[in-house]
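A.B. asks: Once you've had a glance at the structure underneath, I'll fire off some questions.
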Amino acid sequence: MDATTPAAGTSAPPPGLDTMNVTVKIKRYDPEKDARAYWAEYRLDVRPTDRVLDVLNQIKWEMDGSLSYRRSCAHGVCGSDAMLINGVNRLACKLLVRDLGSSIAVEPIRGLEVVKDLIVDMEPFFDSYKSVLPYFVNDDPEPARERLQSPEDREIFDESTKCILCAACTTSCPVFWTNGNYVGPAAIVNAHRFIFDSRDQATDERLAALNQPSGLWRCRTAYNCTEACPRDIPITKQIEEVKRALLWRQA
Amino acid sequence: MASAPKTYQAARATYGASGELVWWVFMRISGLLLVFLVFGHLFFNNIQIDAGTIDFAYVANRLSQPGVKIYDTFLLAFAMLHGINGLRYSIEDHVRKPGRRFWTKVVVFSIAGIVFVLGTMTLWAFSYDEMGAAVRALD
Amino acid sequence: MPRAHKYDVIVVGAGGAGLMAARYAAQNKDVKVAVISKLYPTRSHTGAAQGGVGAALGNVSEDHPEWHAFDTVKGGDYLTDQDVAETFAHEVVDAVYELEHMGLPFSRTPEGRIAQRKFGGHTREFGKSAVERACYAADRTGHMILQTLYQQSIKDQVTFFNEFHVLDLVLEDGSARGVVAYELATGEIHVFHAKATIIATGGNGRMFKVTSNAHALTGDLMSIVYRRGLPIEDPEFYQFHPTGLYKIGVLLTEGARGEGGILRNKDGERFMERYAPSIKDLAPRDMVSRAMYLEIQEGRGVGPDGDYIHLDLTHIDAEIIEERLPDITEFARIYLGVDPIKEPVPVQPTAHYAMGGIPTTIDTQVVADGEGTVVPGLYAAGEVACASLHGANRLGTNSLGDLIVFGRRAGIEAAKYAARVDYEPMPAGVDERAREELERIRAASGSERAAHIRKELQDTMMDNASVFRTEATLAKQVEILADLRERYKQVSVEDDGQVFNTELMEVVELGFLLDNAEQLVYAARNRTESRGAHSREDHQDRDDDRWLEHTMVYRNDDGSVRVGAKPVTLGKYEPKPRVY
Amino acid sequence: MYRGREGQWAFVLHRLSGVALALFLLLHVIDISLVMFGPEGPFNAFLAFYHQWPFRVGLVLVMAAVVYHAFNGLRIILMDFTEWGVKYQGALWYGALGATTAVGIPVLWKIVPEILGIA
Ligand SMILES: Cc1cc2nc3c(=O)[nH]c(=O)nc-3n(C[C@H](O)[C@H](O)[C@H](O)COP(=O)(O)OP(=O)(O)OC[C@H]3O[C@@H](n4cnc5c(N)ncnc54)[C@H](O)[C@@H]3O)c2cc1C
Ligand code: HEM
Ligand code: SF4
Ligand code: F3S
Ligand code: FES
């Protein structure tokens, strides 16, 4: 293998024909230094096939070590690095430079308190998630082997099992921006995961939890969540399914 | 605002604890009705006749017809309930400080209450026959 | 003053192994449990695991735990402890049912049972032909395990310390008393006093250039225990997964070959037929990765530089691909712009899994030497640990099995222990070492950048100590590591803040990585044979007379490295040449 | 500005139009109620007040708002009760905008001159 071939986790690409110059604007904020957030601008050479995460890494590793953000898996499965990139919520590791062009603007996701640079306080988000009882409940005695479930029944909630809790959806929701109490699409998706699981027995409790003043009904079908979800979960469709489930069950 | 329960037991205890569902349904039903009521209203008052000609006589004349009274009562009731509940949604989303939210709601609901009473009185408390006649006599 | 906490059982790491351990520890009502993790639990790399978890349920065709145990031993090139493999193969069946009972949404057979598919090295009747043993949930099995366990931990109201970076282990008079951790959000040091400490911090793949591992997988605790004088077992056995996306290393599950995918060289030849005539593309990973390297070396690699291989799925039904392998299809589309339904995907071997790690007994107690002396109060499970299950090469799907079987054992054992003993005293100043290290880094004013050292480490490890090794490359790597270690002392940080100083933590992690590389290189240099994932071009044969033993690498007080041994537990299965 | 798509703008317009309509409704009920005070009362004075320019333009906007709000309201109801509505929500929104224009133009043709008093 060619030792100079850059790969994930390495820094500057070698000079070559296939690099391009980009201008990256990052909304930065250090609570220990800055009174308010400001835009910092960086110019650097990257390859079109680099992920935005690679670009951030390159800035952190070569230009300004204090730039802070969360990341781990680097391929869109851990949910660490949802950011507001060029006006929409995306995972930095799942978006390539070639799809953005030469000017890139990165901000923290909205509606959660910014702790430092691109890092926000995720606790309220996880609190909302926990409020919908996002866990399997079945109090019947456990069978010796698996509980049976037909492939068709399994299929019904397939998409909601994909959620990686990245918060891209909830922080793209215009209702959530103004009303931080709104339980948010991510929590509803995870409620959907269990409500439509034929093996689960806590549907009533979960629906009751969603039937709160700041619950399910606050959704105004704005679809930003669906557009933002990096796992392509049809979130609004699922929210509407949950609304109907709650409606018919109460009726 | 009541925060949602975080445990299974707590959720059980709050089962069906909110009127939001009812309001959600109401918004849809009233919306459907309002399509007819509002478009009808606009049709009669702005399309069929020249809105520029509306004056006291026209209004008084209209209000003296029982059919109009009933029609307008429905329109008033549904539009007020639908609109004020819609305003409540907006207030709850945008006015985030609990104290300020409370007072905003008090003011908006009070005004709405007064206006509703005013509207109902306009429709039912007076006889416009004479007023209408008086106006016609003036012409 | 450090912030102090006291729990009967502390679990470090919130991946599959850590969450499983916490759950089972907490079932013992007498013990108080907390989990410490440098990432939010759901960010752990268990979530990246795709293909499945191997268990002989026999839902699709006949299967038995004995067959599974045999495959594990043979796959491990007979360096697997056979008692461990047998226990594992039996317990993993229950563990999978237990996951299902916790609600894990497995894919289903038409009868409604847990769906299973073929995976590399898993066979029926002791090697006859491939068997459907991998229980899967599309290509998101690890994600589902991680989510399900996290969900249940919410239900059980487990205490979490999220984004707490463990920097040191408190080891006094030979027993473990807890850990020292750094809170990312505030920069504060916390001391966790515990009766039993469970280490479940996952792998160390970030020491290689091309890897399937997350940025966070820097082998922290493997380095921490090593610095405290405890050994690391079998680190030379590092698995390269055959199918990483070209240059990026993102993994394409072996399940792709389980569903019928074929590896082809530049002539379109299905070259695995030559290397493993009976199970071909589904041979164990070490064999496939070596075969790919050889094809490339002999000029049959694909591409302008002839440096990759094609994974061909184009003959498989598009519907099956979309339904059973949706995520990897998306990875290929996004990162390489290649649609696997229409064209073959460029792949290359990618650094994937540490077979070795912190040595433990079958009950997950950490051992301190080749005689098996246990460290009281210290347990380890998951990728970070080495219960000698995987031997010289892990079979696909056996890691997720490892997490749930040994994670559970760790939880149960640690809780039993904690319920039995009293807290040992926590001496003052246990946080000094961690504090000094951080202060040294903050104060350093050298001109080195951590990123440059890390890149050199990753590049040279890839060149000198990856799939093929020789005395010459390893000797060279020893020197390079010594040099990098010197330069590491000169690394300075720009960020002098307390809140989320991620730069500081990256430097600390680089220090851990350097230790991990050292363990691997010394062990690899010591073992003058080829076995499993350890392939010496200058010693191409397996040598059971000399080397049928585990490696134990220690760091002496003066910083020099000592390599010892630990016996392998043999059993029913006589070491035989490994052909498939 | 968040670069939202159809759904976001549909929501923003629906909320703005709804609030505008609600406020207008309050005003409208008040002005009509002035007939209670008889022909000599403040009704006609108020009407004259209404005929000022800003109010005339405002009235046109309220007209547009009510038409948009009604059609988009129907879109919302379709989405809430049918899978189909969700699937084609984008198209439906353009439909609602189209319908608003289709109804709006003839109506405006008729009433703008009246309201603006150019007829
Ligand atoms: C892409 C990919 C696909 C895979 N597919 C399969 C498969 O199909 N089948 C299979 O069996 N195996 C598979 N594996 C292997 C398997 O997923 C891993 O070995 C396993 O998930 C490791 O789990 P773990 O619980 O040991 O550690 P992880 O899940 O990696 O968790 C480590 C935890 O430790 C914490 N931690 C680490 N360091 C510190 C510290 N210093 N302080 C505090 N906390 C710390 C982290 O925050 C994290 O919570 C795959 C691996 C990869 C990378
Ligand atoms: C003409 C037919 C009408 C229809 C079909 C209709 C329909 C709807 C619907 C379905 C909603 C709920 C939106 C949601 O939950 O997402 C709604 C909200 C609302 N409506 Fe109407 N409506 C109509 C007329 C009116 C009128 C006349 C008013 C004013 C009095 C009004 C004011 C509002 C307000 C303020 C909201 C809240 C908006 C929000 O929360 O975003 N509507 N409408
Ligand atoms: S639903 Fe999608 S966007 Fe929302 S948290 Fe889950 S994965 Fe992220
Ligand atoms: S963006 Fe918000 S309003 Fe509903 S459809 Fe999505 S949650
Ligand atoms: S780093 Fe894991 S999702 Fe982006």
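Chain labels run A, B, ... following the order of the structure tokens; each chain numbers its residues from 1, and ligands are numbered from 1 in the order shown.
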Output the contact residues of chain B with respect to chain C at a cut-off of 12 Å, based on only C-alpha atoms, as JSON, numbers by chain.
C.D. replies: {"B": [6, 7, 8, 9]}
A.B. asks: When you get a sec, could you note down which chain A residues fall within 7 Å of chain D, using only C-alpha atoms, as a list in words?
C.D. replies: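 Those within range of chain D come out as Gly87, Val88, Arg220, Thr221, Ala222, Tyr223, Asn224, Lys237 and Glu240 of chain A.
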A.B. asks: Restrict the selected residues to N, CA, C and O atoms and save them as a CSV table (one decimal), in the first residue's frame.
C.D. replies:
```csv
chain,number,residue,atom,x,y,z
A,87,GLY,N,-26.8,26.0,6.1
A,87,GLY,CA,-28.2,26.2,6.3
A,87,GLY,C,-29.1,25.1,6.6
A,87,GLY,O,-30.3,25.2,6.8
A,88,VAL,N,-28.5,23.8,6.6
A,88,VAL,CA,-29.4,22.7,6.9
A,88,VAL,C,-28.6,21.8,7.9
A,88,VAL,O,-27.4,21.7,8.0
A,220,ARG,N,-46.3,20.6,14.0
A,220,ARG,CA,-47.1,21.4,13.0
A,220,ARG,C,-46.8,20.9,11.6
A,220,ARG,O,-46.9,21.7,10.6
A,221,THR,N,-46.3,19.7,11.4
A,221,THR,CA,-46.0,19.1,10.1
A,221,THR,C,-45.2,20.0,9.3
A,221,THR,O,-45.5,20.3,8.1
A,222,ALA,N,-44.0,20.4,9.8
A,222,ALA,CA,-43.2,21.3,9.0
A,222,ALA,C,-42.1,20.6,8.2
A,222,ALA,O,-41.5,21.2,7.4
A,223,TYR,N,-42.0,19.3,8.4
A,223,TYR,CA,-41.2,18.4,7.6
A,223,TYR,C,-39.7,18.7,7.6
A,223,TYR,O,-38.9,18.0,7.0
A,224,ASN,N,-39.2,19.7,8.4
A,224,ASN,CA,-37.8,19.9,8.4
A,224,ASN,C,-37.1,18.7,9.0
A,224,ASN,O,-36.0,18.3,8.6
A,237,LYS,N,-44.1,11.2,8.5
A,237,LYS,CA,-45.0,10.2,8.3
A,237,LYS,C,-45.3,9.4,9.6
A,237,LYS,O,-46.4,9.1,9.9
A,240,GLU,N,-47.3,11.3,12.1
A,240,GLU,CA,-48.7,11.3,11.8
A,240,GLU,C,-49.3,10.0,12.1
A,240,GLU,O,-50.5,9.9,12.6
```
A.B. asks: Using only C-alpha atoms, I'd like a table of the residues in chain C that come within 6 Å of chain A; for each, show the closest atom pair and its distance in Å rounded to one decimal, ordered by chain and ascending number, as CSV.
C.D. replies:
```
residue,atom,partner,partner_atom,distance
C:Arg43,CA,A:Cys78,CA,4.5
C:Tyr97,CA,A:Glu146,CA,5.5
C:Gly103,CA,A:Phe136,CA,5.2
C:Arg108,CA,A:Pro151,CA,5.3
C:Gly112,CA,A:Ser150,CA,4.3
C:Arg113,CA,A:Leu148,CA,5.6
C:Gln151,CA,A:Tyr135,CA,4.8
C:Gln152,CA,A:Tyr135,CA,5.9
C:Ala214,CA,A:Cys73,CA,4.0
C:His215,CA,A:Ser72,CA,4.8
C:Ala216,CA,A:Ser72,CA,5.5
C:Lys247,CA,A:Ala7,CA,5.3
C:Ile248,CA,A:Ala8,CA,5.2
C:Ala451,CA,A:Trp61,CA,5.5
C:Lys455,CA,A:Thr10,CA,5.6
C:Glu494,CA,A:Gly65,CA,5.7
C:Asp495,CA,A:Ser66,CA,4.6
C:Glu503,CA,A:Gly65,CA,5.9
```
A.B. asks: For CA of Val225 (chain C) and CA of Ala380 (chain C), determine how far apart the two atoms are, in Å to one decimal place.
C.D. replies: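 CA of Ala380 (chain C) lies 11.0 Å from CA of Val225 (chain C).
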A.B. asks: Quick check: residues of chain D within 7 Å of chain B, only C-alpha atoms, returned as a list of chain:residue names.
C.D. replies: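 Within 7 Å of chain B on chain D, we get D:Val19, D:Ala22, D:Leu26, D:Val29, D:Ile30, D:Ser33, D:Val35, D:Met36, D:Gly38, D:Pro39, D:Phe43, D:Asn44, D:Ala70, D:Gly73, D:Ile77, D:Ile111, D:Glu114, D:Ile115, D:Gly117.
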A.B. asks: Only C-alpha atoms, please: the residues just picked out, written as a compact mmCIF listing (two decimals), in the first residue's frame.
C.D. replies:
```
# COMPACT_ATOMS: atom_id res chain seq x y z
CA VAL D 19 -52.61 34.89 13.45
CA ALA D 22 -57.51 35.93 14.14
CA LEU D 26 -61.37 40.54 16.48
CA VAL D 29 -66.39 41.84 14.98
CA ILE D 30 -65.76 45.08 16.82
CA SER D 33 -70.79 45.56 16.40
CA VAL D 35 -74.06 49.04 14.22
CA MET D 36 -75.60 48.50 17.64
CA GLY D 38 -77.45 53.01 15.29
CA PRO D 39 -76.94 55.02 12.11
CA PHE D 43 -70.17 52.89 12.53
CA ASN D 44 -69.79 55.09 9.48
CA ALA D 70 -58.06 27.59 3.91
CA GLY D 73 -55.64 23.88 6.09
CA ILE D 77 -56.13 17.70 7.16
CA ILE D 111 -62.49 43.43 -5.29
CA GLU D 114 -63.51 48.23 -5.08
CA ILE D 115 -61.41 48.15 -1.97
CA GLY D 117 -61.63 52.65 -4.60
```
A.B. asks: Tell me, as a CSV table (one decimal) with all heavy atoms, in the first residue's frame, which residues lie within 10 Å of Trp124 (chain B), counting only C-alpha atoms; anything in the same chain fewer than 6 positions away does not count.
C.D. replies:
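Output contents, as saved in out-v9.csv:
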```csv
chain,number,residue,atom,x,y,z
B,63,LEU,N,-78.4,42.2,8.9
B,63,LEU,CA,-78.5,41.7,10.2
B,63,LEU,C,-80.0,41.5,10.6
B,63,LEU,O,-80.2,40.9,11.7
B,63,LEU,CB,-77.7,42.5,11.2
B,63,LEU,CG,-76.2,42.4,11.1
B,63,LEU,CD1,-75.5,43.3,12.2
B,63,LEU,CD2,-75.7,41.0,11.2
B,64,SER,N,-80.8,42.0,9.9
B,64,SER,CA,-82.2,41.9,10.3
B,64,SER,C,-82.8,40.6,9.7
B,64,SER,O,-84.0,40.3,10.1
B,64,SER,CB,-83.0,43.1,9.7
B,64,SER,OG,-82.9,43.2,8.3
B,66,PRO,N,-83.2,36.7,9.7
B,66,PRO,CA,-82.9,35.6,10.7
B,66,PRO,C,-81.9,34.6,10.1
B,66,PRO,O,-81.0,34.1,10.8
B,66,PRO,CB,-84.2,34.9,10.9
B,66,PRO,CG,-85.3,35.8,10.3
B,66,PRO,CD,-84.6,36.8,9.4
B,69,LYS,N,-78.6,35.8,10.6
B,69,LYS,CA,-78.2,35.8,12.1
B,69,LYS,C,-77.7,34.4,12.4
B,69,LYS,O,-76.6,34.3,13.1
B,69,LYS,CB,-79.4,36.1,12.9
B,69,LYS,CG,-79.8,37.5,13.1
B,69,LYS,CD,-80.9,37.7,14.1
B,69,LYS,CE,-81.6,39.0,14.0
B,69,LYS,NZ,-81.0,39.9,15.0
B,70,ILE,N,-78.4,33.4,12.0
B,70,ILE,CA,-77.9,32.0,12.3
B,70,ILE,C,-76.6,31.7,11.7
B,70,ILE,O,-75.7,31.2,12.3
B,70,ILE,CB,-79.0,31.0,11.9
B,70,ILE,CG1,-80.2,31.2,12.8
B,70,ILE,CG2,-78.5,29.6,12.1
B,70,ILE,CD1,-81.5,30.4,12.4
B,73,THR,N,-73.9,33.5,13.4
B,73,THR,CA,-73.6,33.0,14.7
B,73,THR,C,-72.6,31.8,14.6
B,73,THR,O,-71.6,31.7,15.3
B,73,THR,CB,-74.9,32.5,15.4
B,73,THR,OG1,-75.8,33.6,15.4
B,73,THR,CG2,-74.6,32.1,16.8
```
A.B. asks: Neighbours of ligand 4 within 10 Å, counting only C-alpha atoms and all ligand atoms, as a PyMOL selection string?
C.D. replies: (chain A and resi 169-177+182-189+216-228+234-240) or (chain D and resi 4+7-8+11)
A.B. asks: Do you know which residues are at most 12 Å from Ala99 (chain D) counting only C-alpha atoms, after dropping those on the same chain fewer than 2 positions away, and could you put them as a PyMOL selection string?
C.D. replies: chain D and resi 64+67-72+74-75+92-97+101-106
A.B. asks: Write out as JSON, numbers by chain all residues of region 70-143 of chain A that DSSP puts in strand (DSSP E or B) for this structure's backbone.
C.D. replies: {"A": [82, 83, 84, 85, 88, 89, 90, 91, 96, 103, 104, 105, 106, 107, 114, 115, 116, 119, 120]}
A.B. asks: Taking C-alpha atoms for each residue, export the selection above as a PDB file, in the first residue's frame.
C.D. replies:
```pdb
ATOM      1  CA  ALA A  82     -24.991  16.777  13.754  1.00  0.00           C
ATOM      2  CA  MET A  83     -24.322  20.376  12.725  1.00  0.00           C
ATOM      3  CA  LEU A  84     -25.990  23.161  10.810  1.00  0.00           C
ATOM      4  CA  ILE A  85     -24.013  23.107   7.575  1.00  0.00           C
ATOM      5  CA  VAL A  88     -29.364  22.684   6.940  1.00  0.00           C
ATOM      6  CA  ASN A  89     -28.784  20.080   9.621  1.00  0.00           C
ATOM      7  CA  ARG A  90     -26.403  17.355   8.516  1.00  0.00           C
ATOM      8  CA  LEU A  91     -23.896  14.935   9.970  1.00  0.00           C
ATOM      9  CA  LEU A  96     -18.769  15.474   1.189  1.00  0.00           C
ATOM     10  CA  SER A 103     -17.757  27.908   0.647  1.00  0.00           C
ATOM     11  CA  ILE A 104     -18.843  26.056   3.723  1.00  0.00           C
ATOM     12  CA  ALA A 105     -20.568  27.512   6.773  1.00  0.00           C
ATOM     13  CA  VAL A 106     -20.846  25.466   9.942  1.00  0.00           C
ATOM     14  CA  GLU A 107     -22.896  26.339  13.025  1.00  0.00           C
ATOM     15  CA  VAL A 114     -24.127  26.022  22.992  1.00  0.00           C
ATOM     16  CA  VAL A 115     -21.433  24.857  25.396  1.00  0.00           C
ATOM     17  CA  LYS A 116     -18.407  25.508  23.204  1.00  0.00           C
ATOM     18  CA  ILE A 119     -20.787  21.388  21.046  1.00  0.00           C
ATOM     19  CA  VAL A 120     -24.266  21.822  22.500  1.00  0.00           C
TER      20      VAL A 120
END
```
A.B. asks: Pick out the residues sitting within 6 Å of region 264-273 of chain C, and hand them over as a list of chain:residue names; count only C-alpha atoms, and ignore anything fewer than 5 positions along from it in its own chain.
C.D. replies: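 The residues that qualify are C:Lys280, C:Asp281, C:Arg300, C:Gly301, C:Val302, C:Ile309, C:His310.
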A.B. asks: Those same residues - N, CA and C atoms - I'd like them written as an mmCIF file, in the first residue's frame.
C.D. replies:
```cif
data_model
loop_
_atom_site.group_PDB
_atom_site.id
_atom_site.type_symbol
_atom_site.label_atom_id
_atom_site.label_comp_id
_atom_site.auth_asym_id
_atom_site.auth_seq_id
_atom_site.Cartn_x
_atom_site.Cartn_y
_atom_site.Cartn_z
ATOM 1 N N LYS C 280 -14.320 -20.804 0.105
ATOM 2 C CA LYS C 280 -14.015 -19.666 -0.782
ATOM 3 C C LYS C 280 -14.049 -18.296 -0.096
ATOM 4 N N ASP C 281 -14.968 -17.434 -0.531
ATOM 5 C CA ASP C 281 -15.021 -16.064 -0.017
ATOM 6 C C ASP C 281 -15.396 -15.998 1.456
ATOM 7 N N ARG C 300 -2.154 -8.318 -9.417
ATOM 8 C CA ARG C 300 -3.528 -8.539 -9.881
ATOM 9 C C ARG C 300 -4.538 -7.656 -9.154
ATOM 10 N N GLY C 301 -4.046 -6.596 -8.538
ATOM 11 C CA GLY C 301 -4.945 -5.643 -7.886
ATOM 12 C C GLY C 301 -5.667 -4.802 -8.915
ATOM 13 N N VAL C 302 -6.772 -4.213 -8.550
ATOM 14 C CA VAL C 302 -7.572 -3.400 -9.466
ATOM 15 C C VAL C 302 -7.175 -1.927 -9.310
ATOM 16 N N ILE C 309 -9.154 -4.335 -4.460
ATOM 17 C CA ILE C 309 -9.825 -5.540 -4.932
ATOM 18 C C ILE C 309 -11.298 -5.173 -5.109
ATOM 19 N N HIS C 310 -11.978 -5.914 -5.951
ATOM 20 C CA HIS C 310 -13.404 -5.642 -6.155
ATOM 21 C C HIS C 310 -14.280 -6.576 -5.327
#
```
A.B. asks: Fewer than 2 positions away in the same chain doesn't count, so skip those; otherwise give me all residues within 12 Å of region 423-429 of chain C, counting only C-alpha atoms, as a tab-separated table (two decimals) with N, CA and C atoms, in the first residue's frame.
C.D. replies:
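Done, and the output landed in result.tsv:
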```
chain	number	residue	atom	x	y	z
C	1	MET	N	-8.90	19.92	45.05
C	1	MET	CA	-9.40	18.62	45.52
C	1	MET	C	-10.25	17.96	44.44
C	2	PRO	N	-10.04	16.67	44.24
C	2	PRO	CA	-10.86	15.99	43.24
C	2	PRO	C	-12.27	15.79	43.76
C	3	ARG	N	-13.21	15.75	42.88
C	3	ARG	CA	-14.57	15.39	43.27
C	3	ARG	C	-14.59	13.88	43.52
C	4	ALA	N	-15.23	13.45	44.58
C	4	ALA	CA	-15.19	12.04	44.94
C	4	ALA	C	-16.56	11.38	44.81
C	5	HIS	N	-16.57	10.15	44.35
C	5	HIS	CA	-17.79	9.36	44.22
C	5	HIS	C	-17.52	7.96	44.75
C	6	LYS	N	-18.57	7.30	45.17
C	6	LYS	CA	-18.39	5.96	45.71
C	6	LYS	C	-19.49	5.04	45.19
C	7	TYR	N	-19.13	4.00	44.50
C	7	TYR	CA	-20.09	3.01	44.00
C	7	TYR	C	-19.52	1.63	44.24
C	8	ASP	N	-20.41	0.66	44.48
C	8	ASP	CA	-19.93	-0.70	44.68
C	8	ASP	C	-19.26	-1.22	43.41
C	9	VAL	N	-19.95	-0.99	42.30
C	9	VAL	CA	-19.38	-1.44	41.02
C	9	VAL	C	-19.32	-0.27	40.06
C	169	LEU	N	-6.19	4.20	36.65
C	169	LEU	CA	-6.80	3.15	37.44
C	169	LEU	C	-6.15	3.21	38.83
C	170	VAL	N	-6.96	3.10	39.87
C	170	VAL	CA	-6.37	3.09	41.21
C	170	VAL	C	-6.07	1.65	41.59
C	171	LEU	N	-4.78	1.36	41.68
C	171	LEU	CA	-4.34	0.01	41.96
C	171	LEU	C	-3.39	0.10	43.14
C	172	GLU	N	-3.84	-0.37	44.30
C	172	GLU	CA	-3.01	-0.26	45.50
C	172	GLU	C	-2.82	-1.65	46.06
C	173	ASP	N	-1.60	-1.98	46.44
C	173	ASP	CA	-1.31	-3.30	47.00
C	173	ASP	C	-1.93	-4.42	46.17
C	174	GLY	N	-1.86	-4.27	44.89
C	174	GLY	CA	-2.32	-5.34	44.03
C	174	GLY	C	-3.82	-5.46	43.87
C	175	SER	N	-4.61	-4.56	44.48
C	175	SER	CA	-6.05	-4.66	44.24
C	175	SER	C	-6.60	-3.37	43.65
C	176	ALA	N	-7.65	-3.49	42.85
C	176	ALA	CA	-8.22	-2.33	42.17
C	176	ALA	C	-9.20	-1.63	43.10
C	177	ARG	N	-9.12	-0.30	43.18
C	177	ARG	CA	-9.99	0.44	44.10
C	177	ARG	C	-10.85	1.48	43.37
C	178	GLY	N	-10.74	1.55	42.06
C	178	GLY	CA	-11.55	2.53	41.34
C	178	GLY	C	-10.76	3.20	40.24
C	179	VAL	N	-11.28	4.33	39.77
C	179	VAL	CA	-10.63	5.01	38.65
C	179	VAL	C	-10.61	6.52	38.86
C	180	VAL	N	-9.74	7.16	38.09
C	180	VAL	CA	-9.67	8.62	38.08
C	180	VAL	C	-10.16	9.08	36.71
C	189	ILE	N	-11.32	16.97	37.75
C	189	ILE	CA	-10.89	15.59	37.98
C	189	ILE	C	-11.82	14.95	39.03
C	190	HIS	N	-12.28	13.75	38.74
C	190	HIS	CA	-13.14	13.02	39.67
C	190	HIS	C	-12.46	11.72	40.07
C	191	VAL	N	-12.62	11.34	41.33
C	191	VAL	CA	-12.11	10.05	41.76
C	191	VAL	C	-13.30	9.15	42.09
C	192	PHE	N	-13.35	8.01	41.46
C	192	PHE	CA	-14.43	7.05	41.69
C	192	PHE	C	-13.89	5.90	42.53
C	193	HIS	N	-14.42	5.78	43.72
C	193	HIS	CA	-14.00	4.73	44.63
C	193	HIS	C	-14.95	3.55	44.43
C	194	ALA	N	-14.40	2.37	44.20
C	194	ALA	CA	-15.27	1.22	43.94
C	194	ALA	C	-14.72	-0.04	44.58
C	195	LYS	N	-15.62	-0.97	44.85
C	195	LYS	CA	-15.17	-2.29	45.30
C	195	LYS	C	-14.74	-3.11	44.08
C	196	ALA	N	-15.51	-2.99	43.03
C	196	ALA	CA	-15.17	-3.73	41.82
C	196	ALA	C	-15.21	-2.79	40.62
C	197	THR	N	-14.21	-2.89	39.77
C	197	THR	CA	-14.14	-2.05	38.57
C	197	THR	C	-14.17	-2.96	37.35
C	376	PRO	N	-7.59	-8.66	42.52
C	376	PRO	CA	-8.88	-8.55	43.19
C	376	PRO	C	-9.60	-7.25	42.80
C	377	GLY	N	-10.89	-7.38	42.49
C	377	GLY	CA	-11.68	-6.19	42.21
C	377	GLY	C	-11.57	-5.67	40.80
C	417	TYR	N	-18.84	-10.15	43.88
C	417	TYR	CA	-17.64	-9.79	44.63
C	417	TYR	C	-17.91	-8.56	45.50
C	418	ALA	N	-18.55	-7.56	44.90
C	418	ALA	CA	-18.79	-6.32	45.63
C	418	ALA	C	-19.73	-6.54	46.81
C	419	ALA	N	-20.66	-7.46	46.67
C	419	ALA	CA	-21.59	-7.72	47.77
C	419	ALA	C	-20.88	-8.44	48.92
C	420	ARG	N	-19.77	-9.07	48.59
C	420	ARG	CA	-19.08	-9.89	49.58
C	420	ARG	C	-18.04	-9.10	50.37
C	421	VAL	N	-17.36	-8.17	49.72
C	421	VAL	CA	-16.23	-7.51	50.37
C	421	VAL	C	-16.59	-6.10	50.83
C	431	ASP	N	-5.13	10.87	42.51
C	431	ASP	CA	-5.35	11.59	41.24
C	431	ASP	C	-4.10	12.33	40.78
C	432	GLU	N	-3.03	12.25	41.59
C	432	GLU	CA	-1.83	13.04	41.27
C	432	GLU	C	-1.27	12.72	39.89
C	433	ARG	N	-1.15	11.40	39.61
C	433	ARG	CA	-0.51	11.04	38.35
C	433	ARG	C	-1.26	11.62	37.15
C	434	ALA	N	-2.58	11.48	37.17
C	434	ALA	CA	-3.37	12.00	36.05
C	434	ALA	C	-3.23	13.52	35.96
C	435	ARG	N	-3.30	14.16	37.12
C	435	ARG	CA	-3.20	15.61	37.17
C	435	ARG	C	-1.85	16.09	36.61
C	436	GLU	N	-0.79	15.40	37.03
C	436	GLU	CA	0.54	15.80	36.57
C	436	GLU	C	0.66	15.64	35.06
```
A.B. asks: Neighbouring residues of Ala368 (chain C) were defined as those with any atom within 8 Å, considering only C-alpha atoms; residues of the same chain fewer than 4 positions away were excluded. Please report them as a PyMOL selection string.
C.D. replies: chain C and resi 230-231+359+372-375
A.B. asks: Would you put the residues from that selection into a file with C-alpha atoms, as a PDB file, in the first residue's frame?
C.D. replies:
```pdb
ATOM      1  CA  LEU C 230      -0.251  -5.328  34.362  1.00  0.00           C
ATOM      2  CA  PRO C 231       0.275  -7.405  31.224  1.00  0.00           C
ATOM      3  CA  PRO C 359      -6.009 -10.903  30.043  1.00  0.00           C
ATOM      4  CA  GLY C 372      -3.173 -16.622  36.207  1.00  0.00           C
ATOM      5  CA  THR C 373      -2.977 -14.690  39.501  1.00  0.00           C
ATOM      6  CA  VAL C 374      -6.097 -12.551  39.586  1.00  0.00           C
ATOM      7  CA  VAL C 375      -6.214  -8.857  40.474  1.00  0.00           C
TER       8      VAL C 375
END
```
